[in-house]
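Coordinates from query_0.tsv are shown below (TSV, C-alpha atoms and all ligand atoms).
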chain	number	residue	atom	x	y	z
N	14	MET	CA	-59.95	-66.75	123.33
N	15	LYS	CA	-61.27	-65.29	120.11
N	16	THR	CA	-64.94	-64.93	119.32
N	17	ILE	CA	-67.24	-63.49	116.70
N	18	THR	CA	-70.59	-62.08	117.77
N	19	PRO	CA	-73.24	-61.47	115.11
N	20	VAL	CA	-74.60	-58.17	116.38
N	21	PHE	CA	-77.62	-56.21	115.13
N	22	PRO	CA	-79.76	-58.88	113.47
N	23	CYS	CA	-82.99	-58.01	111.62
N	24	LEU	CA	-85.90	-60.11	112.80
N	25	VAL	CA	-87.91	-61.61	109.95
N	26	TYR	CA	-91.06	-63.41	111.09
N	27	GLU	CA	-92.81	-66.05	109.02
N	28	ASP	CA	-96.10	-67.74	109.82
N	29	GLU	CA	-97.72	-70.68	108.04
N	30	THR	CA	-101.06	-69.15	108.88
N	31	GLN	CA	-103.93	-71.16	110.30
N	32	ASP	CA	-107.21	-71.41	108.45
N	33	PHE	CA	-105.96	-69.76	105.26
N	34	ASP	CA	-108.04	-72.28	103.31
N	35	LEU	CA	-111.17	-70.71	104.78
N	36	ILE	CA	-110.49	-67.35	103.14
N	37	ARG	CA	-108.31	-68.27	100.14
N	38	ASP	CA	-110.91	-68.31	97.36
N	39	ARG	CA	-112.70	-65.28	98.72
N	40	ILE	CA	-109.58	-63.12	98.99
N	41	ILE	CA	-108.47	-64.10	95.47
N	42	GLU	CA	-111.88	-63.12	94.13
N	43	TYR	CA	-111.73	-59.88	96.10
N	44	ALA	CA	-108.31	-59.02	94.61
N	45	TYR	CA	-109.50	-59.58	91.03
N	46	ASN	CA	-112.68	-57.60	91.70
N	47	GLN	CA	-110.59	-54.70	92.98
N	48	GLU	CA	-108.44	-54.83	89.84
N	49	ARG	CA	-111.55	-54.77	87.63
N	50	ARG	CA	-112.98	-51.88	89.60
N	51	TYR	CA	-109.76	-49.82	89.78
N	52	PRO	CA	-107.77	-50.98	86.73
N	53	GLU	CA	-105.20	-48.19	86.86
N	54	SER	CA	-102.30	-49.63	88.84
N	55	ASN	CA	-100.21	-47.84	91.40
N	56	ARG	CA	-96.68	-47.42	90.03
N	57	LYS	CA	-94.20	-48.01	92.79
N	58	SER	CA	-91.92	-51.03	92.93
N	59	ASN	CA	-93.84	-52.99	90.33
N	60	TYR	CA	-92.68	-53.46	86.76
N	61	GLY	CA	-95.81	-54.70	85.09
N	62	GLY	CA	-98.60	-56.26	87.05
N	63	TRP	CA	-101.26	-54.50	89.04
N	64	GLN	CA	-100.96	-52.88	92.43
N	65	THR	CA	-103.86	-51.38	94.39
N	66	PRO	CA	-103.95	-47.69	93.37
N	67	ASN	CA	-104.98	-46.35	96.77
N	68	PRO	CA	-103.60	-48.58	99.52
N	69	LYS	CA	-105.92	-47.20	102.17
N	70	PHE	CA	-109.21	-47.15	100.37
N	71	PHE	CA	-110.44	-50.64	101.16
N	72	ILE	CA	-109.49	-51.02	104.82
N	73	ASP	CA	-113.01	-49.86	105.66
N	74	ASP	CA	-114.72	-51.63	102.78
N	75	GLU	CA	-117.49	-53.81	104.16
N	76	GLY	CA	-116.70	-56.56	101.64
N	77	PHE	CA	-113.16	-56.76	103.02
N	78	GLN	CA	-114.09	-57.20	106.68
N	79	PHE	CA	-114.00	-61.01	106.49
N	80	PHE	CA	-110.29	-60.64	105.80
N	81	VAL	CA	-109.68	-57.90	108.38
N	82	ASP	CA	-111.12	-60.20	111.06
N	83	TRP	CA	-108.96	-63.15	110.00
N	84	PHE	CA	-105.91	-60.90	109.72
N	85	GLY	CA	-106.51	-59.45	113.19
N	86	TYR	CA	-106.01	-62.93	114.69
N	87	ARG	CA	-102.77	-63.38	112.74
N	88	ILE	CA	-101.43	-60.08	114.10
N	89	LYS	CA	-102.46	-61.12	117.61
N	90	GLU	CA	-100.48	-64.34	117.16
N	91	TYR	CA	-97.53	-62.36	115.86
N	92	LEU	CA	-97.52	-60.12	118.94
N	93	GLU	CA	-97.79	-63.14	121.23
N	94	TYR	CA	-94.92	-64.85	119.45
N	95	LEU	CA	-92.73	-61.77	119.70
N	96	ASP	CA	-93.68	-61.58	123.36
N	97	TYR	CA	-93.48	-57.80	123.63
N	98	ASP	CA	-93.08	-56.51	127.14
N	99	LYS	CA	-96.63	-56.27	128.51
N	100	GLU	CA	-95.51	-53.67	131.04
N	101	LYS	CA	-94.93	-51.25	128.18
N	102	LYS	CA	-97.91	-49.54	126.62
N	103	TYR	CA	-97.96	-49.55	122.85
N	104	GLY	CA	-100.33	-49.42	119.93
N	105	ILE	CA	-100.11	-51.16	116.59
N	106	GLU	CA	-102.06	-50.05	113.56
N	107	VAL	CA	-102.40	-51.40	110.04
N	108	THR	CA	-101.85	-48.22	108.05
N	109	SER	CA	-102.25	-49.73	104.58
N	110	PHE	CA	-103.06	-52.88	102.64
N	111	TRP	CA	-102.46	-53.35	98.95
N	112	PHE	CA	-102.66	-56.22	96.49
N	113	ASN	CA	-99.95	-57.10	94.00
N	114	ILE	CA	-100.94	-59.15	91.00
N	115	ASN	CA	-97.85	-60.10	89.04
N	116	ARG	CA	-98.41	-61.80	85.71
N	117	ARG	CA	-95.83	-63.54	83.52
N	118	PHE	CA	-92.51	-61.61	83.52
N	119	ASP	CA	-93.72	-59.00	86.04
N	120	PHE	CA	-91.44	-58.23	88.99
N	121	ASN	CA	-90.78	-55.72	91.79
N	122	ILE	CA	-87.58	-53.72	92.05
N	123	SER	CA	-85.73	-53.22	95.34
N	124	HIS	CA	-87.59	-50.94	97.73
N	125	HIS	CA	-88.44	-50.39	101.37
N	126	HIS	CA	-91.61	-49.19	103.10
N	127	PRO	CA	-91.12	-45.65	104.45
N	128	ASN	CA	-93.52	-44.11	106.95
N	129	SER	CA	-94.11	-47.41	108.78
N	130	ASN	CA	-92.28	-49.57	111.30
N	131	LEU	CA	-93.11	-53.05	110.10
N	132	ALA	CA	-93.97	-54.32	106.66
N	133	GLY	CA	-95.51	-57.60	105.71
N	134	VAL	CA	-96.85	-59.75	102.97
N	135	LEU	CA	-99.34	-62.60	102.77
N	136	TRP	CA	-99.02	-64.86	99.76
N	137	ILE	CA	-102.45	-65.54	98.38
N	138	LYS	CA	-101.56	-67.24	95.13
N	139	ALA	CA	-98.02	-68.41	94.57
N	140	PRO	CA	-97.56	-70.88	91.71
N	141	LYS	CA	-94.14	-72.46	91.21
N	142	ASP	CA	-91.50	-70.08	89.75
N	143	SER	CA	-93.81	-67.08	90.11
N	144	GLY	CA	-91.20	-64.93	91.89
N	145	THR	CA	-89.02	-65.11	94.99
N	146	LEU	CA	-88.93	-62.45	97.70
N	147	VAL	CA	-85.32	-61.34	98.12
N	148	PHE	CA	-84.10	-59.25	101.05
N	149	ASP	CA	-80.90	-57.21	100.72
N	150	SER	CA	-78.61	-57.02	103.72
N	151	PRO	CA	-78.67	-53.51	105.22
N	152	HIS	CA	-74.87	-53.90	105.47
N	153	GLU	CA	-74.41	-54.79	101.82
N	154	PHE	CA	-72.90	-51.49	100.74
N	155	VAL	CA	-70.79	-50.60	103.77
N	156	GLU	CA	-69.39	-54.12	104.15
N	157	SER	CA	-69.26	-55.11	100.49
N	158	ASN	CA	-65.51	-55.80	100.33
N	159	THR	CA	-65.30	-57.91	103.46
N	160	MET	CA	-68.55	-59.71	102.63
N	161	HIS	CA	-67.09	-60.57	99.25
N	162	LEU	CA	-64.07	-62.25	100.85
N	163	GLN	CA	-65.89	-64.33	103.43
N	164	LYS	CA	-66.26	-68.06	102.89
N	165	GLN	CA	-69.73	-69.55	102.74
N	166	ASN	CA	-69.42	-71.61	105.93
N	167	LEU	CA	-68.71	-68.50	108.02
N	168	ILE	CA	-71.48	-66.58	106.27
N	169	ASP	CA	-73.96	-69.35	107.02
N	170	ARG	CA	-72.80	-69.73	110.62
N	171	TYR	CA	-73.42	-66.06	111.40
N	172	LEU	CA	-76.36	-65.50	109.00
N	173	ALA	CA	-74.18	-62.81	107.37
N	174	TRP	CA	-75.66	-63.14	103.90
N	175	GLU	CA	-75.71	-60.38	101.31
N	176	ARG	CA	-79.18	-61.50	100.35
N	177	PHE	CA	-81.83	-63.69	101.90
N	178	ALA	CA	-84.40	-65.30	99.62
N	179	VAL	CA	-87.82	-66.50	100.73
N	180	GLU	CA	-89.85	-68.74	98.47
N	181	PRO	CA	-93.49	-67.70	98.59
N	182	LYS	CA	-95.95	-70.27	99.83
N	183	GLU	CA	-99.70	-69.81	99.69
N	184	GLY	CA	-101.05	-68.86	103.08
N	185	ASN	CA	-97.66	-67.91	104.50
N	186	MET	CA	-97.24	-64.47	105.97
N	187	ILE	CA	-94.00	-62.64	106.61
N	188	ILE	CA	-93.40	-59.54	108.73
N	189	PHE	CA	-90.12	-57.62	108.77
N	190	PRO	CA	-88.68	-54.20	109.66
N	191	SER	CA	-89.85	-51.66	107.08
N	192	HIS	CA	-86.35	-50.37	106.38
N	193	LEU	CA	-85.21	-53.74	105.04
N	194	ARG	CA	-84.88	-53.44	101.27
N	195	HIS	CA	-86.43	-56.22	99.22
N	196	SER	CA	-87.46	-57.13	95.70
N	197	VAL	CA	-89.47	-59.82	93.94
N	198	THR	CA	-87.93	-61.73	91.03
N	199	LYS	CA	-89.67	-62.16	87.70
N	200	ASN	CA	-92.77	-64.29	87.50
N	201	LEU	CA	-91.62	-67.07	85.19
N	202	SER	CA	-94.80	-69.09	85.47
N	203	THR	CA	-97.77	-68.64	83.19
N	204	GLU	CA	-100.09	-68.11	86.15
N	205	ASP	CA	-100.72	-65.01	88.24
N	206	ARG	CA	-98.89	-64.44	91.51
N	207	ILE	CA	-101.01	-62.58	94.06
N	208	SER	CA	-99.85	-61.15	97.35
N	209	LEU	CA	-101.36	-58.80	99.88
N	210	ALA	CA	-98.81	-56.39	101.33
N	211	PHE	CA	-99.33	-54.25	104.41
N	212	ASN	CA	-97.67	-51.68	106.62
N	213	LEU	CA	-97.87	-51.57	110.38
N	214	THR	CA	-97.15	-48.56	112.54
N	215	VAL	CA	-96.17	-49.10	116.14
N	216	SER	CA	-96.67	-46.26	118.57
N	217	ILE	CA	-95.12	-46.13	122.03
N	301	FE	FE	-92.47	-54.36	99.63
Could you write out this file's structure as structure tokens?
Ligand SMILES: [Fe+2]
Amino acid sequence: MKTITPVFPCLVYEDETQDFDLIRDRIIEYAYNQERRYPESNRKSNYGGWQTPNPKFFIDDEGFQFFVDWFGYRIKEYLEYLDYDKEKKYGIEVTSFWFNINRRFDFNISHHHPNSNLAGVLWIKAPKDSGTLVFDSPHEFVESNTMHLQKQNLIDRYLAWERFAVEPKEGNMIIFPSHLRHSVTKNLSTEDRISLAFNLTVSI
């Protein structure tokens, strides 16, 4: 008998979050207020657009606590869904939050999130054609020749893609291992695309 086993998968979690409608307008307003208050953007993965200049500065902001509370429930649901071993003691901390406001033709180049274990994003405003999140396979370089030769049906059967694209949807949240490289394609709409990115650190 011959078999193929798809070993070493990366777990990418997506949640169509509950009650996003309750905070949507408020978090959009908060993002624009932050941009007005701190107009100088962080320059990391973003080409154009605005990114929170100091990703830690508003975690303790009183005006942001409505979101922190809502977000805390989403993380609780994430941990329940992953069903971590309750016998093992661990801690999980949100080490940074930052907004990304991408306007027409803005995009984010491929990057990962060092100094954290898990990275995530919540799409706050995601008009049609405003940019797709694209993950690069961690095996893309080392397996490039064999990946190139594989037929699509085998690739799909074993989830052995070179890239994995996720269309943003307002209110959806995604959490993935921080080492997984990703980029955001150009915003081709005339409206703003707003996301809230975050890093989580897990201690054991
Ligand atoms: Fe990112």
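Pairwise distance (atom CA of N:Val179, atom CA of N:Tyr86) equals 23.2 Å.
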Pull the closest atom pair for each residue of chain N that gets at most 7 Å from ligand FE 301 (chain N), along with the distance in Å to one decimal, counting all atoms listed in the file, ordering rows by chain and then ascending residue number, as CSV.
residue,atom,partner,partner_atom,distance
N:His124,CA,N:FE301,FE,6.3
N:His125,CA,N:FE301,FE,5.9
N:His126,CA,N:FE301,FE,6.3
N:His195,CA,N:FE301,FE,6.3
N:Ser196,CA,N:FE301,FE,6.9
N:Ala210,CA,N:FE301,FE,6.9
field: atom CA of N:Phe80 to atom CA of N:Tyr97, straight-line distance in Å
entry: 24.7 Å
message: as a PyMOL selection string, please: the residues near N:Glu183 (cut-off 9 Å, only C-alpha atoms, same-chain neighbours under 2 positions excluded).
response: chain N and resi 29+33+37+135-140+181+185-186+208
message: Need the shell around N:Val25: protein/DNA/RNA residues with any atom at most 12 Å away, counting all atoms listed in the file. Skip same-chain ones fewer than 3 positions apart. Format as a list of chain:residue names?
response: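 The neighbour list is N:Pro22, N:Asp28, N:Tyr91, N:Leu95, N:Leu131, N:Ala132, N:Gly133, N:Val134, N:Phe148, N:Phe177, N:Ala178, N:Val179, N:Met186, N:Ile187, N:Ile188, N:Phe189, N:Pro190, N:Ser191, N:His192, N:Leu193.
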query: Excluding same-chain residues fewer than 2 positions from N:Thr203, what lies within 7 Å of it counting only C-alpha atoms, as a count of residues only?
result: 3
- line: The residue from N:Val197, N:Ile168, N:Val147, N:Ile40 with the smallest atom-to-atom distance to N:Leu209, counting only C-alpha atoms, is N:Ile40
- prompt: Expressed in Å to a single decimal, how great is the separation between atom CA of N:Trp174 and atom CA of N:His161?
  reply: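 Straight-line distance from atom CA of N:Trp174 to atom CA of N:His161 works out to 10.1 Å.
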Extract, using only C-alpha atoms, all DNA, RNA and protein residues at most 9 Å from N:Trp111, discarding same-chain residues fewer than 5 positions from it, and format them as an mmCIF file with C-alpha atoms, in the coordinates of the input.
data_model
loop_
_atom_site.group_PDB
_atom_site.id
_atom_site.type_symbol
_atom_site.label_atom_id
_atom_site.label_comp_id
_atom_site.auth_asym_id
_atom_site.auth_seq_id
_atom_site.Cartn_x
_atom_site.Cartn_y
_atom_site.Cartn_z
ATOM 1 C CA GLN N 64 -100.960 -52.880 92.430
ATOM 2 C CA THR N 65 -103.860 -51.380 94.390
ATOM 3 C CA PRO N 66 -103.950 -47.690 93.370
ATOM 4 C CA ASN N 67 -104.980 -46.350 96.770
ATOM 5 C CA PRO N 68 -103.600 -48.580 99.520
ATOM 6 C CA LYS N 69 -105.920 -47.200 102.170
ATOM 7 C CA PHE N 71 -110.440 -50.640 101.160
ATOM 8 C CA SER N 208 -99.850 -61.150 97.350
ATOM 9 C CA LEU N 209 -101.360 -58.800 99.880
ATOM 10 C CA ALA N 210 -98.810 -56.390 101.330
ATOM 11 C CA PHE N 211 -99.330 -54.250 104.410
#
message: List the spatial neighbours of N:Leu92 as a list in words - criterion: any atom at most 12 Å away, all atoms listed in the file, same-chain residues fewer than 6 positions off excluded.
response: Tyr26, Asp28, Gly85, Tyr86, Asp98, Lys99, Tyr103, Gly104, Ile105, Ile188 and Val215 of chain N
query: For N:Glu27, which residue among N:Ser216, N:Arg87, N:Ser202, N:Glu75 is the nearest when counting only C-alpha atoms?
result: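 For N:Glu27, the nearest of the given residues is N:Arg87.
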field: Top pick for closest residue to N:Lys199, considering N:Gly76, N:Gly61, N:Pro127, N:Gly184 and counting only C-alpha atoms
entry: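 Once distances to N:Lys199 are computed over only C-alpha atoms, the minimum belongs to N:Gly61.
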Pick from N:Tyr171, N:Phe84, N:Tyr45, N:Tyr51 nearest to N:Arg206, counting all atoms listed in the file: N:Tyr45
field: Test item: which residues lie within 9 Å of (-96.6, -52.1, 90.4) counting all atoms listed in the file, as JSON, numbers by chain
entry: {"N": [54, 55, 56, 57, 58, 59, 60, 61, 62, 63, 64, 65, 113, 114, 115, 119, 120, 121]}
message: From the options N:Lys141, N:Gln78, N:Leu35, N:Val107, which residue's atoms come nearest to N:Ser129, counting all atoms listed in the file?
response: N:Val107
message: Nearest residue to N:Glu48 out of N:Lys15, N:Glu156, N:Phe112, N:Leu167, using all atoms listed in the file?
response: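 Among the listed residues, N:Phe112 lies closest to N:Glu48.
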